[in-house]
Amino acid sequence: MSDKAIVVNNVRKTFKLNTSGAASIKTALLWWKRRKYQTLDVLRGVSFEVGHGECVAVVGRNGAGKSTLLGLLARIYRPDSGTIQINGRVAPLLELGAGFHPDLSGAENIIFNAVILGLTRAEAIRRTPEIVAFSELGDQVYAPVRTYSSGMVARLGFAIAVHVDADILIVDEVLSVGDFEFQRKSFGKIEEFRNKGGTILLVSHHAEAMRKIADRCVWIQHGEVHMEGTPDEILPAYLAKSESDLRGSPPGPVKIEGPDLGSA
């Protein structure tokens, strides 16, 4: 077995965005000569490694490429070039509940998603009571997911992901799931996973959480690795740069032409 849980080598990812405003396939076909595209270079040769049992926090401003990087590691996207090597079973805690079927009950979605994450059907059934208890849904787990609030969906998604015996957790801003008590319990579960030797790649804007559990930080800036080091080395520099950038921003709203790109 490799001594590295994750090896990212010179990974690049570009998205092509249609900015012509075509709202339908028919319109796009009729006006194909007038279509305009915007190329967005999200990742520009990112390389880093994560050892087994290590917790690495990825920091960077919105649009730096953090979520795209995690999407590549979770195999939601494929890199345009470069390689990604993952040694172990991965549980992605990204958009929690994104794979749920709204017309199925929470209990049915537990089985469905646990199997996708690598459990057998028998294992998923056996762990369902533990997952339900952690999610705090009670009898509501037998209702269709379309009747759940967004918080209930996120809690159920988190509960499934942390009960599938993963070797690697890929975590994207999910430490704010649910109310304060559930956040405390979720954070405790992640710490328990780490203490048992699990590997964690974490994206968060919660500096105190990163200081508490991260062994190293990787600072992504403009789609590239800007710095690597301990949280005490990286976080002060990153926060100082962020505050400096904010002070240098022009006052008032800024109008951006083209589509809303969101957080890359």
# chains A, B, ... in the order shown; residues from 1 in each chain; ligands from 1
>>> select_by_dssp(residues="stretch 161-192 of chain A", states="alpha helix (DSSP H)", output="JSON, numbers by chain")
{"A": [161, 180, 181, 182, 183, 184, 185, 186, 187, 188, 189, 190, 191, 192]}
>>> write_last_selection(atoms="C-alpha atoms", output="short mmCIF file (atom, residue, chain, number, x, y, z; two decimals), in the first residue's frame")
data_model
loop_
_atom_site.label_atom_id
_atom_site.label_comp_id
_atom_site.auth_asym_id
_atom_site.auth_seq_id
_atom_site.Cartn_x
_atom_site.Cartn_y
_atom_site.Cartn_z
CA ALA A 161 -21.15 9.65 5.01
CA PHE A 180 -25.23 24.28 17.35
CA GLU A 181 -25.63 20.95 19.14
CA PHE A 182 -25.56 18.99 15.87
CA GLN A 183 -22.51 20.99 14.71
CA ARG A 184 -20.74 20.03 17.92
CA LYS A 185 -21.63 16.38 17.40
CA SER A 186 -20.54 16.47 13.74
CA PHE A 187 -17.22 18.05 14.63
CA GLY A 188 -16.72 15.40 17.31
CA LYS A 189 -17.38 12.66 14.75
CA ILE A 190 -14.75 14.07 12.41
CA GLU A 191 -12.24 14.27 15.28
CA GLU A 192 -13.06 10.67 16.20
#
>>> atom_distance(atom1="atom CA of A:Glu228", atom2="atom CA of A:Glu173")
20.1 Å
>>> residues_around(residues="stretch 141-148 of chain A", least_positions_apart="5", cutoff="12 Å", atoms="only C-alpha atoms", output="ChimeraX atom specification")
/A:97-111,128-129,131-136,153-157
>>> write_last_selection(atoms="C-alpha atoms", output="CSV table (one decimal), in the first residue's frame")
chain,number,residue,atom,x,y,z
A,97,GLY,CA,-28.0,15.0,0.2
A,98,ALA,CA,-27.4,16.0,-3.4
A,99,GLY,CA,-27.8,12.3,-4.5
A,100,PHE,CA,-31.1,11.7,-2.6
A,101,HIS,CA,-34.2,10.8,-4.5
A,102,PRO,CA,-37.0,13.1,-3.3
A,103,ASP,CA,-39.8,10.6,-3.6
A,104,LEU,CA,-38.0,7.9,-1.6
A,105,SER,CA,-38.1,7.9,2.2
A,106,GLY,CA,-35.1,8.8,4.2
A,107,ALA,CA,-34.7,5.2,5.2
A,108,GLU,CA,-34.7,4.1,1.5
A,109,ASN,CA,-32.2,6.8,0.7
A,110,ILE,CA,-29.9,5.6,3.4
A,111,ILE,CA,-29.7,2.2,1.8
A,128,THR,CA,-29.5,2.1,9.4
A,129,PRO,CA,-30.5,2.4,13.1
A,131,ILE,CA,-27.4,6.4,11.0
A,132,VAL,CA,-31.0,7.4,11.9
A,133,ALA,CA,-30.0,8.0,15.6
A,134,PHE,CA,-27.1,10.2,14.6
A,135,SER,CA,-29.2,12.2,12.2
A,136,GLU,CA,-31.9,12.8,14.9
A,153,VAL,CA,-31.4,16.6,4.3
A,154,ALA,CA,-27.9,17.8,5.2
A,155,ARG,CA,-28.0,16.0,8.6
A,156,LEU,CA,-29.0,12.8,7.0
A,157,GLY,CA,-26.4,13.1,4.3
>>> atom_distance(atom1="atom CA of A:Gln221", atom2="atom CA of A:Asn87")
26.4 Å
>>> atom_distance(atom1="atom CA of A:Leu119", atom2="atom CA of A:Asp167")
12.9 Å
>>> select_by_dssp(residues="stretch 98-223 of chain A", states="strand (DSSP E)", output="list in words")
Ile168, Leu169, Ile170, Val171, Asp172, Thr199, Ile200, Leu201, Leu202, Val203, Arg216, Cys217, Val218, Trp219, Ile220 and Gln221 of chain A
